[in-house]
file protein-v7.pdb (PDB, C-alpha atoms (C1' of nucleotides))
ATOM      1  CA  MET A   1      21.699   3.023 -23.866
ATOM      2  CA  ALA A   2      24.248   5.202 -22.201
ATOM      3  CA  GLN A   3      23.599   8.847 -22.843
ATOM      4  CA  VAL A   4      26.188  10.653 -24.874
ATOM      5  CA  PRO A   5      28.200  12.806 -22.501
ATOM      6  CA  GLN A   6      28.876  16.461 -23.036
ATOM      7  CA  ILE A   7      32.108  16.999 -24.859
ATOM      8  CA  SER A   8      33.844  20.324 -24.634
ATOM      9  CA  ASP A   9      35.612  22.200 -27.394
ATOM     10  CA  ALA A  10      39.061  20.969 -26.500
ATOM     11  CA  GLU A  11      37.820  17.445 -25.978
ATOM     12  CA  TRP A  12      36.303  17.407 -29.446
ATOM     13  CA  GLU A  13      39.750  17.742 -30.946
ATOM     14  CA  VAL A  14      40.855  14.608 -29.164
ATOM     15  CA  MET A  15      37.724  12.714 -30.136
ATOM     16  CA  LYS A  16      38.156  13.668 -33.765
ATOM     17  CA  ALA A  17      41.629  12.187 -33.821
ATOM     18  CA  LEU A  18      40.310   8.918 -32.433
ATOM     19  CA  TRP A  19      37.261   8.792 -34.669
ATOM     20  CA  GLU A  20      39.495   9.235 -37.670
ATOM     21  CA  GLN A  21      42.325   6.934 -36.664
ATOM     22  CA  GLY A  22      40.521   4.236 -34.748
ATOM     23  CA  GLN A  23      42.936   3.441 -31.938
ATOM     24  CA  LEU A  24      45.845   5.488 -30.717
ATOM     25  CA  THR A  25      48.240   5.591 -27.822
ATOM     26  CA  ALA A  26      48.426   8.675 -25.688
ATOM     27  CA  GLY A  27      51.653   9.624 -27.432
ATOM     28  CA  GLN A  28      50.063   9.370 -30.855
ATOM     29  CA  ILE A  29      47.122  11.456 -29.751
ATOM     30  CA  ILE A  30      49.438  14.087 -28.372
ATOM     31  CA  GLU A  31      51.300  14.114 -31.635
ATOM     32  CA  ALA A  32      48.049  14.464 -33.528
ATOM     33  CA  VAL A  33      46.485  17.319 -31.577
ATOM     34  CA  ALA A  34      48.989  19.106 -29.364
ATOM     35  CA  GLY A  35      50.854  20.930 -32.081
ATOM     36  CA  ALA A  36      47.900  22.324 -33.954
ATOM     37  CA  ASN A  37      46.359  23.609 -30.728
ATOM     38  CA  HIS A  38      49.459  24.835 -28.904
ATOM     39  CA  TRP A  39      48.758  22.458 -26.066
ATOM     40  CA  SER A  40      51.215  20.990 -23.665
ATOM     41  CA  PRO A  41      51.253  17.181 -23.630
ATOM     42  CA  ARG A  42      49.979  17.434 -20.061
ATOM     43  CA  THR A  43      46.921  19.205 -21.272
ATOM     44  CA  VAL A  44      46.160  16.406 -23.681
ATOM     45  CA  LYS A  45      46.595  13.846 -20.916
ATOM     46  CA  THR A  46      44.097  15.726 -18.813
ATOM     47  CA  LEU A  47      41.622  15.712 -21.668
ATOM     48  CA  LEU A  48      42.093  11.980 -22.117
ATOM     49  CA  ASN A  49      41.466  11.334 -18.438
ATOM     50  CA  ARG A  50      38.348  13.443 -18.463
ATOM     51  CA  LEU A  51      37.012  11.728 -21.535
ATOM     52  CA  VAL A  52      37.582   8.315 -19.958
ATOM     53  CA  LYS A  53      35.848   9.467 -16.804
ATOM     54  CA  LYS A  54      32.931  10.716 -18.878
ATOM     55  CA  GLY A  55      32.652   7.394 -20.636
ATOM     56  CA  ALA A  56      33.508   8.813 -24.040
ATOM     57  CA  LEU A  57      36.742   6.846 -24.340
ATOM     58  CA  ALA A  58      37.950   3.418 -23.305
ATOM     59  CA  PHE A  59      41.509   2.146 -23.163
ATOM     60  CA  GLU A  60      43.361  -1.131 -23.040
ATOM     61  CA  VAL A  61      46.681  -1.575 -21.375
ATOM     62  CA  THR A  62      49.108  -2.802 -23.992
ATOM     63  CA  GLY A  63      52.498  -3.350 -22.500
ATOM     64  CA  ARG A  64      53.308  -0.183 -20.676
ATOM     65  CA  HIS A  65      51.101   2.087 -22.755
ATOM     66  CA  TYR A  66      47.428   2.722 -22.958
ATOM     67  CA  VAL A  67      45.670   2.415 -26.261
ATOM     68  CA  TYR A  68      42.604   4.597 -26.428
ATOM     69  CA  ARG A  69      39.529   4.200 -28.567
ATOM     70  CA  ALA A  70      36.237   6.046 -28.784
ATOM     71  CA  LYS A  71      33.395   4.486 -26.840
ATOM     72  CA  VAL A  72      30.760   6.830 -28.241
ATOM     73  CA  GLY A  73      30.144   7.239 -31.945
ATOM     74  CA  ARG A  74      30.839  10.412 -33.804
ATOM     75  CA  ASP A  75      27.309  10.492 -35.200
ATOM     76  CA  ALA A  76      25.791  10.352 -31.765
ATOM     77  CA  CYS A  77      27.981  13.214 -30.583
ATOM     78  CA  VAL A  78      27.218  15.252 -33.653
ATOM     79  CA  ARG A  79      23.509  14.726 -33.122
ATOM     80  CA  ARG A  80      23.770  15.735 -29.512
ATOM     81  CA  GLU A  81      25.687  18.917 -30.303
ATOM     82  CA  THR A  82      23.342  19.721 -33.125
ATOM     83  CA  ARG A  83      20.278  19.391 -30.945
ATOM     84  CA  SER A  84      21.843  21.563 -28.302
ATOM     85  CA  PHE A  85      22.849  24.191 -30.837
ATOM     86  CA  LEU A  86      19.477  24.237 -32.538
ATOM     87  CA  SER A  87      17.544  24.539 -29.346
ATOM     88  CA  ARG A  88      19.766  27.279 -27.969
ATOM     89  CA  VAL A  89      20.033  29.437 -31.049
ATOM     90  CA  PHE A  90      17.046  28.596 -33.222
ATOM     91  CA  ASP A  91      14.556  27.351 -30.649
ATOM     92  CA  GLY A  92      14.961  23.881 -32.050
ATOM     93  CA  ALA A  93      13.732  24.737 -35.526
ATOM     94  CA  VAL A  94      15.795  23.190 -38.281
ATOM     95  CA  ALA A  95      14.540  25.093 -41.277
ATOM     96  CA  PRO A  96      15.510  28.579 -40.081
ATOM     97  CA  ALA A  97      18.926  27.250 -39.182
ATOM     98  CA  VAL A  98      19.434  25.868 -42.652
ATOM     99  CA  LEU A  99      18.239  29.129 -44.142
ATOM    100  CA  HIS A 100      20.733  30.999 -42.041
ATOM    101  CA  PHE A 101      23.535  28.703 -43.131
ATOM    102  CA  ILE A 102      22.713  29.064 -46.763
ATOM    103  CA  GLU A 103      22.329  32.797 -46.598
ATOM    104  CA  GLN A 104      25.424  33.414 -44.567
ATOM    105  CA  SER A 105      27.861  31.099 -46.201
ATOM    106  CA  ARG A 106      29.299  31.142 -49.645
ATOM    107  CA  LEU A 107      28.560  27.703 -50.963
ATOM    108  CA  THR A 108      30.173  26.542 -54.164
ATOM    109  CA  PRO A 109      27.941  25.622 -57.105
ATOM    110  CA  GLN A 110      28.873  22.001 -56.508
ATOM    111  CA  GLU A 111      27.748  22.181 -52.927
ATOM    112  CA  LEU A 112      24.534  23.895 -53.917
ATOM    113  CA  ALA A 113      23.822  21.219 -56.468
ATOM    114  CA  GLN A 114      24.537  18.497 -53.950
ATOM    115  CA  LEU A 115      22.236  20.048 -51.419
ATOM    116  CA  ARG A 116      19.461  20.360 -53.966
ATOM    117  CA  GLU A 117      19.816  16.737 -54.794
ATOM    118  CA  LEU A 118      19.509  15.872 -51.152
ATOM    119  CA  LEU A 119      16.423  17.978 -50.834
ATOM    120  CA  ASP A 120      14.905  16.290 -53.849
ATOM    121  CA  GLU A 121      15.585  12.942 -52.325
ATOM    122  CA  ALA A 122      14.126  13.990 -48.994
ATOM    123  CA  ALA A 123      11.054  15.300 -50.771
ATOM    124  CA  ARG A 124      10.594  12.005 -52.611
ATOM    125  CA  LYS A 125      10.842  10.054 -49.398
ATOM    126  CA  GLU A 126       8.337  12.369 -47.810
ATOM    127  CA  ASP A 127       5.994  11.820 -50.739
ATOM    128  CA  ARG A 128       6.069   8.088 -50.455
ATOM    129  CA  SER A 129       5.566   7.940 -46.733
TER     130      SER A 129
ATOM    131  CA  MET B   1      33.569  47.131 -33.430
ATOM    132  CA  ALA B   2      33.051  45.487 -30.079
ATOM    133  CA  GLN B   3      33.345  41.749 -30.282
ATOM    134  CA  VAL B   4      30.234  39.800 -29.544
ATOM    135  CA  PRO B   5      30.662  38.230 -26.111
ATOM    136  CA  GLN B   6      30.088  34.585 -25.367
ATOM    137  CA  ILE B   7      26.558  33.976 -24.253
ATOM    138  CA  SER B   8      25.731  30.876 -22.296
ATOM    139  CA  ASP B   9      22.669  28.682 -22.632
ATOM    140  CA  ALA B  10      20.774  30.290 -19.803
ATOM    141  CA  GLU B  11      21.769  33.758 -20.914
ATOM    142  CA  TRP B  12      20.385  33.087 -24.378
ATOM    143  CA  GLU B  13      16.919  32.757 -22.911
ATOM    144  CA  VAL B  14      17.192  36.225 -21.448
ATOM    145  CA  MET B  15      18.577  37.690 -24.649
ATOM    146  CA  LYS B  16      15.767  36.155 -26.669
ATOM    147  CA  ALA B  17      13.189  37.856 -24.515
ATOM    148  CA  LEU B  18      14.864  41.221 -25.054
ATOM    149  CA  TRP B  19      15.409  40.742 -28.758
ATOM    150  CA  GLU B  20      11.756  39.948 -29.158
ATOM    151  CA  GLN B  21      10.322  42.587 -26.874
ATOM    152  CA  GLY B  22      12.759  45.446 -27.290
ATOM    153  CA  GLN B  23      12.982  46.866 -23.805
ATOM    154  CA  LEU B  24      11.945  45.278 -20.563
ATOM    155  CA  THR B  25      12.297  45.856 -16.857
ATOM    156  CA  ALA B  26      13.899  43.181 -14.729
ATOM    157  CA  GLY B  27      10.471  42.199 -13.507
ATOM    158  CA  GLN B  28       9.160  41.738 -17.011
ATOM    159  CA  ILE B  29      12.139  39.668 -17.982
ATOM    160  CA  ILE B  30      11.666  37.466 -14.941
ATOM    161  CA  GLU B  31       8.044  37.036 -15.867
ATOM    162  CA  ALA B  32       9.042  36.138 -19.413
ATOM    163  CA  VAL B  33      11.712  33.551 -18.695
ATOM    164  CA  ALA B  34      11.618  32.342 -15.094
ATOM    165  CA  GLY B  35       8.490  30.247 -15.367
ATOM    166  CA  ALA B  36       9.386  28.351 -18.504
ATOM    167  CA  ASN B  37      12.817  27.513 -17.140
ATOM    168  CA  HIS B  38      11.999  26.829 -13.491
ATOM    169  CA  TRP B  39      14.353  29.604 -12.423
ATOM    170  CA  SER B  40      14.234  31.614  -9.289
ATOM    171  CA  PRO B  41      13.941  35.370  -9.872
ATOM    172  CA  ARG B  42      17.386  35.637  -8.279
ATOM    173  CA  THR B  43      18.823  33.478 -10.955
ATOM    174  CA  VAL B  44      17.454  35.761 -13.625
ATOM    175  CA  LYS B  45      18.913  38.775 -11.847
ATOM    176  CA  THR B  46      22.296  37.130 -11.849
ATOM    177  CA  LEU B  47      22.019  36.458 -15.555
ATOM    178  CA  LEU B  48      21.105  40.089 -16.161
ATOM    179  CA  ASN B  49      24.106  41.299 -14.189
ATOM    180  CA  ARG B  50      26.432  38.999 -16.051
ATOM    181  CA  LEU B  51      25.076  40.065 -19.394
ATOM    182  CA  VAL B  52      25.555  43.724 -18.507
ATOM    183  CA  LYS B  53      29.100  42.992 -17.370
ATOM    184  CA  LYS B  54      29.763  41.205 -20.640
ATOM    185  CA  GLY B  55      28.476  44.153 -22.606
ATOM    186  CA  ALA B  56      25.565  42.251 -24.104
ATOM    187  CA  LEU B  57      22.942  44.360 -22.357
ATOM    188  CA  ALA B  58      22.585  47.986 -21.390
ATOM    189  CA  PHE B  59      20.094  49.526 -18.999
ATOM    190  CA  GLU B  60      18.658  52.914 -18.168
ATOM    191  CA  VAL B  61      17.463  53.862 -14.752
ATOM    192  CA  THR B  62      13.828  54.801 -15.070
ATOM    193  CA  GLY B  63      12.451  55.877 -11.755
ATOM    194  CA  ARG B  64      13.391  53.131  -9.364
ATOM    195  CA  HIS B  65      13.638  50.389 -11.958
ATOM    196  CA  TYR B  66      16.130  49.447 -14.578
ATOM    197  CA  VAL B  67      15.000  49.060 -18.134
ATOM    198  CA  TYR B  68      17.181  46.654 -20.033
ATOM    199  CA  ARG B  69      17.805  46.458 -23.747
ATOM    200  CA  ALA B  70      20.109  44.367 -25.913
ATOM    201  CA  LYS B  71      23.358  46.008 -26.866
ATOM    202  CA  VAL B  72      24.374  43.268 -29.277
ATOM    203  CA  GLY B  73      22.198  42.212 -32.185
ATOM    204  CA  ARG B  74      20.632  38.830 -32.430
ATOM    205  CA  ASP B  75      22.103  38.242 -35.851
ATOM    206  CA  ALA B  76      25.611  38.866 -34.629
ATOM    207  CA  CYS B  77      25.104  36.411 -31.777
ATOM    208  CA  VAL B  78      23.596  33.824 -34.053
ATOM    209  CA  ARG B  79      26.529  34.147 -36.420
ATOM    210  CA  ARG B  80      28.972  33.814 -33.579
ATOM    211  CA  GLU B  81      27.306  30.695 -32.217
ATOM    212  CA  THR B  82      26.997  29.231 -35.657
ATOM    213  CA  ARG B  83      30.665  29.705 -36.415
ATOM    214  CA  SER B  84      31.611  28.152 -33.109
ATOM    215  CA  PHE B  85      29.288  25.200 -33.664
ATOM    216  CA  LEU B  86      30.443  24.620 -37.220
ATOM    217  CA  SER B  87      34.095  24.739 -36.361
ATOM    218  CA  ARG B  88      33.718  22.452 -33.358
ATOM    219  CA  VAL B  89      31.511  19.809 -34.884
ATOM    220  CA  PHE B  90      31.980  20.043 -38.637
ATOM    221  CA  ASP B  91      35.473  21.527 -38.880
ATOM    222  CA  GLY B  92      33.903  24.708 -40.179
ATOM    223  CA  ALA B  93      32.349  23.155 -43.246
ATOM    224  CA  VAL B  94      28.822  24.326 -43.921
ATOM    225  CA  ALA B  95      27.699  21.814 -46.507
ATOM    226  CA  PRO B  96      28.147  18.698 -44.362
ATOM    227  CA  ALA B  97      26.303  20.437 -41.575
ATOM    228  CA  VAL B  98      23.362  21.186 -43.812
ATOM    229  CA  LEU B  99      23.388  17.628 -45.075
ATOM    230  CA  HIS B 100      23.297  16.374 -41.535
ATOM    231  CA  PHE B 101      20.391  18.639 -40.671
ATOM    232  CA  ILE B 102      18.391  17.561 -43.644
ATOM    233  CA  GLU B 103      19.076  13.895 -43.126
ATOM    234  CA  GLN B 104      18.417  13.901 -39.418
ATOM    235  CA  SER B 105      15.387  16.063 -39.165
ATOM    236  CA  ARG B 106      11.895  15.510 -40.346
ATOM    237  CA  LEU B 107      11.177  18.519 -42.467
ATOM    238  CA  THR B 108       7.682  19.155 -43.673
ATOM    239  CA  PRO B 109       7.052  19.295 -47.431
ATOM    240  CA  GLN B 110       6.527  23.022 -47.070
ATOM    241  CA  GLU B 111       9.887  23.462 -45.445
ATOM    242  CA  LEU B 112      11.556  21.323 -48.060
ATOM    243  CA  ALA B 113      10.001  23.397 -50.806
ATOM    244  CA  GLN B 114      11.076  26.601 -49.125
ATOM    245  CA  LEU B 115      14.611  25.375 -48.789
ATOM    246  CA  ARG B 116      14.746  24.339 -52.406
ATOM    247  CA  GLU B 117      13.590  27.750 -53.429
ATOM    248  CA  LEU B 118      16.340  29.288 -51.371
ATOM    249  CA  LEU B 119      18.900  27.031 -52.927
ATOM    250  CA  ASP B 120      17.671  27.971 -56.375
ATOM    251  CA  GLU B 121      18.006  31.595 -55.510
ATOM    252  CA  ALA B 122      21.481  31.108 -54.127
ATOM    253  CA  ALA B 123      22.464  29.218 -57.259
ATOM    254  CA  ARG B 124      21.166  32.043 -59.466
ATOM    255  CA  LYS B 125      23.146  34.585 -57.487
ATOM    256  CA  GLU B 126      26.184  32.399 -57.797
ATOM    257  CA  ASP B 127      25.657  32.161 -61.526
ATOM    258  CA  ARG B 128      25.517  35.882 -62.024
ATOM    259  CA  SER B 129      28.517  36.667 -59.908
TER     260      SER B 129
ATOM    261  C1'  DT C   1       4.855  56.441  10.911
ATOM    262  C1'  DA C   2       6.294  51.568  11.161
ATOM    263  C1'  DC C   3       6.640  47.420   8.537
ATOM    264  C1'  DT C   4       7.074  44.672   4.764
ATOM    265  C1'  DA C   5       7.778  43.704  -0.061
ATOM    266  C1'  DT C   6      10.928  44.725  -3.630
ATOM    267  C1'  DC C   7      14.984  46.474  -6.097
ATOM    268  C1'  DG C   8      19.672  46.354  -7.344
ATOM    269  C1'  DA C   9      24.299  44.883  -5.468
ATOM    270  C1'  DT C  10      27.122  41.610  -3.634
ATOM    271  C1'  DC C  11      28.378  37.002  -2.169
ATOM    272  C1'  DA C  12      28.099  31.907  -2.329
ATOM    273  C1'  DC C  13      29.071  27.409  -3.994
ATOM    274  C1'  DA C  14      29.460  23.341  -6.867
ATOM    275  C1'  DC C  15      30.673  21.672 -11.273
ATOM    276  C1'  DA C  16      32.793  22.270 -16.055
ATOM    277  C1'  DT C  17      36.662  23.729 -18.660
ATOM    278  C1'  DG C  18      41.225  25.386 -20.193
ATOM    279  C1'  DT C  19      45.661  24.831 -19.115
ATOM    280  C1'  DA C  20      48.957  22.861 -16.893
ATOM    281  C1'  DA C  21      52.516  21.000 -12.796
ATOM    282  C1'  DT C  22      53.926  17.440  -9.523
ATOM    283  C1'  DC C  23      54.520  12.563  -7.993
ATOM    284  C1'  DG C  24      55.676   7.794  -7.889
ATOM    285  C1'  DA C  25      56.771   3.831 -10.818
ATOM    286  C1'  DT C  26      59.343   2.083 -14.579
ATOM    287  C1'  DC C  27      61.916   1.463 -18.870
ATOM    288  C1'  DG C  28      65.876   2.260 -21.736
ATOM    289  C1'  DG C  29      70.412   3.765 -22.289
ATOM    290  C1'  DA C  30      75.174   4.861 -20.373
TER     291       DA C  30
ATOM    292  C1'  DT D   1      73.591  -1.064 -12.303
ATOM    293  C1'  DC D   2      72.232   3.809 -11.911
ATOM    294  C1'  DC D   3      70.006   7.978 -13.935
ATOM    295  C1'  DG D   4      67.201  10.459 -16.453
ATOM    296  C1'  DA D   5      63.156  10.278 -19.526
ATOM    297  C1'  DT D   6      58.501   8.900 -19.747
ATOM    298  C1'  DC D   7      54.011   7.012 -18.343
ATOM    299  C1'  DG D   8      49.781   7.308 -16.001
ATOM    300  C1'  DA D   9      47.681   9.338 -11.632
ATOM    301  C1'  DT D  10      46.790  13.048  -8.859
ATOM    302  C1'  DT D  11      46.589  17.864  -7.822
ATOM    303  C1'  DA D  12      46.224  22.866  -9.022
ATOM    304  C1'  DC D  13      44.089  26.987 -10.179
ATOM    305  C1'  DA D  14      41.593  30.668 -12.674
ATOM    306  C1'  DT D  15      37.435  31.448 -15.169
ATOM    307  C1'  DG D  16      32.710  30.365 -16.753
ATOM    308  C1'  DT D  17      28.171  28.712 -15.643
ATOM    309  C1'  DG D  18      23.973  27.140 -13.193
ATOM    310  C1'  DT D  19      21.583  28.170  -9.410
ATOM    311  C1'  DG D  20      20.525  30.766  -5.874
ATOM    312  C1'  DA D  21      20.895  33.566  -0.962
ATOM    313  C1'  DT D  22      21.926  37.715   1.714
ATOM    314  C1'  DC D  23      22.142  42.756   2.409
ATOM    315  C1'  DG D  24      21.125  47.529   2.503
ATOM    316  C1'  DA D  25      18.064  51.067   0.602
ATOM    317  C1'  DT D  26      13.487  52.351  -0.461
ATOM    318  C1'  DA D  27       8.725  52.667  -1.783
ATOM    319  C1'  DG D  28       4.118  51.458  -0.719
ATOM    320  C1'  DT D  29       0.775  49.967   2.653
ATOM    321  C1'  DA D  30      -1.435  49.567   6.936
TER     322       DA D  30
END
call {"tool": "encode", "arguments": {"input": "protein-v7.pdb", "output": "structure tokens"}}
result
Amino acid sequence: MAQVPQISDAEWEVMKALWEQGQLTAGQIIEAVAGANHWSPRTVKTLLNRLVKKGALAFEVTGRHYVYRAKVGRDACVRRETRSFLSRVFDGAVAPAVLHFIEQSRLTPQELAQLRELLDEAARKEDRS
Amino acid sequence: MAQVPQISDAEWEVMKALWEQGQLTAGQIIEAVAGANHWSPRTVKTLLNRLVKKGALAFEVTGRHYVYRAKVGRDACVRRETRSFLSRVFDGAVAPAVLHFIEQSRLTPQELAQLRELLDEAARKEDRS
DNA sequence: TACTATCGATCACACATGTAATCGATCGGA
DNA sequence: TCCGATCGATTACATGTGTGATCGATAGTA
């Protein structure tokens, strides 16, 4: 299995567009991300090239344009970033990180309820195993 | 209020040592972090210099040695990193991040119970407010 | 006192990243 | 058919980061 490459901040924006839309031409990607980030189209092209070089994206030549698609899954990238974040900031410990999140952020009652449900479910699984 | 500077992976290791120990000489810091990370003492010195330049550390000259101490609090750095992580990976949304953590990680029953207690507490606070 | 080990300061160097500009081919419109 | 717009490819350049070496001063040690 190919390792998930490191994806920088700016590159994440591009990946998100492709994860959400499936396949896009360079022009569509530029349209999707350049405005919101104040990037020149050239900048987006550079990001696309780097992501291809890293193995995070693939493209097919369709007529004169390239159509890009993600080669690595969003989940895998999220897991990778999460591991890196946890190990850097919380020494890899999940529970303190979750505590910090809950303490620091204002969660809505709905979100709190949803999280509790998830914890209940996790606890049940744990019980059975 | 001075902004919290960006602190890189390697620099975090140094900061952790100082947050935990209070004040340390360069030699003590090297002892604390160089071994575990396979770093040359020079590397640690460089990190110290960069952290001072960034405003994350201060030092006093004590005799011939420098004694370093953190100028920025751990909490502030953790918050900064957390915000950056959340906005990059989860578009700034806390709840999905917590869900991901809980789903992906194997939490012990004790940790699960502790988290549920925290959620209960947060929900009570929310209720009263 | 002469030498070496050490300290902080400065320099080095490759790779990643943010942020583009330039270049050669080509397509679409005048 | 010719020209400018556009595409992908290549190049640029400052800053950050990982990883360390060199240099001059100095403090112990022999």
call {"tool": "interface_residues", "arguments": {"input": "protein-v7.pdb", "of": "chain D", "to": "chain A", "cutoff": "12 Å", "atoms": "all atoms listed in the file", "output": "list in words"}}
result
DT6, DC7, DG8, DA9, DT10 and DT11 of chain D
call {"tool": "resolve_selection", "arguments": {"input": "protein-v7.pdb", "expression": "the PyMOL selection byres ((chain C) within 12 of (chain B))", "output": "PyMOL selection string"}}
result
chain C and resi 6-11
call {"tool": "write_last_selection", "arguments": {"input": "protein-v7.pdb", "atoms": "C-alpha atoms (C1' of nucleotides)", "output": "compact mmCIF listing (two decimals), keeping the file's coordinate frame"}}
result
# COMPACT_ATOMS: atom_id res chain seq x y z
C1' DT C 6 10.93 44.72 -3.63
C1' DC C 7 14.98 46.47 -6.10
C1' DG C 8 19.67 46.35 -7.34
C1' DA C 9 24.30 44.88 -5.47
C1' DT C 10 27.12 41.61 -3.63
C1' DC C 11 28.38 37.00 -2.17
call {"tool": "residues_around", "arguments": {"input": "protein-v7.pdb", "residues": "DT29 in chain D", "least_positions_apart": "5", "cutoff": "10 Å", "atoms": "all atoms listed in the file", "output": "MDAnalysis selection string"}}
result
chainID C and resid 3:5
call {"tool": "interface_residues", "arguments": {"input": "protein-v7.pdb", "of": "chain A", "to": "chain B", "cutoff": "10 Å", "atoms": "all atoms listed in the file", "output": "PyMOL selection string"}}
result
chain A and resi 8-13+16+74-75+77-79+81-91+93-124+126-127
call {"tool": "resolve_selection", "arguments": {"input": "protein-v7.pdb", "expression": "the PyMOL selection byres ((chain C and resi 14-27) around 7)", "output": "list of chain:residue names"}}
result
A:Arg42, A:Thr43, C:DC13, C:DG28
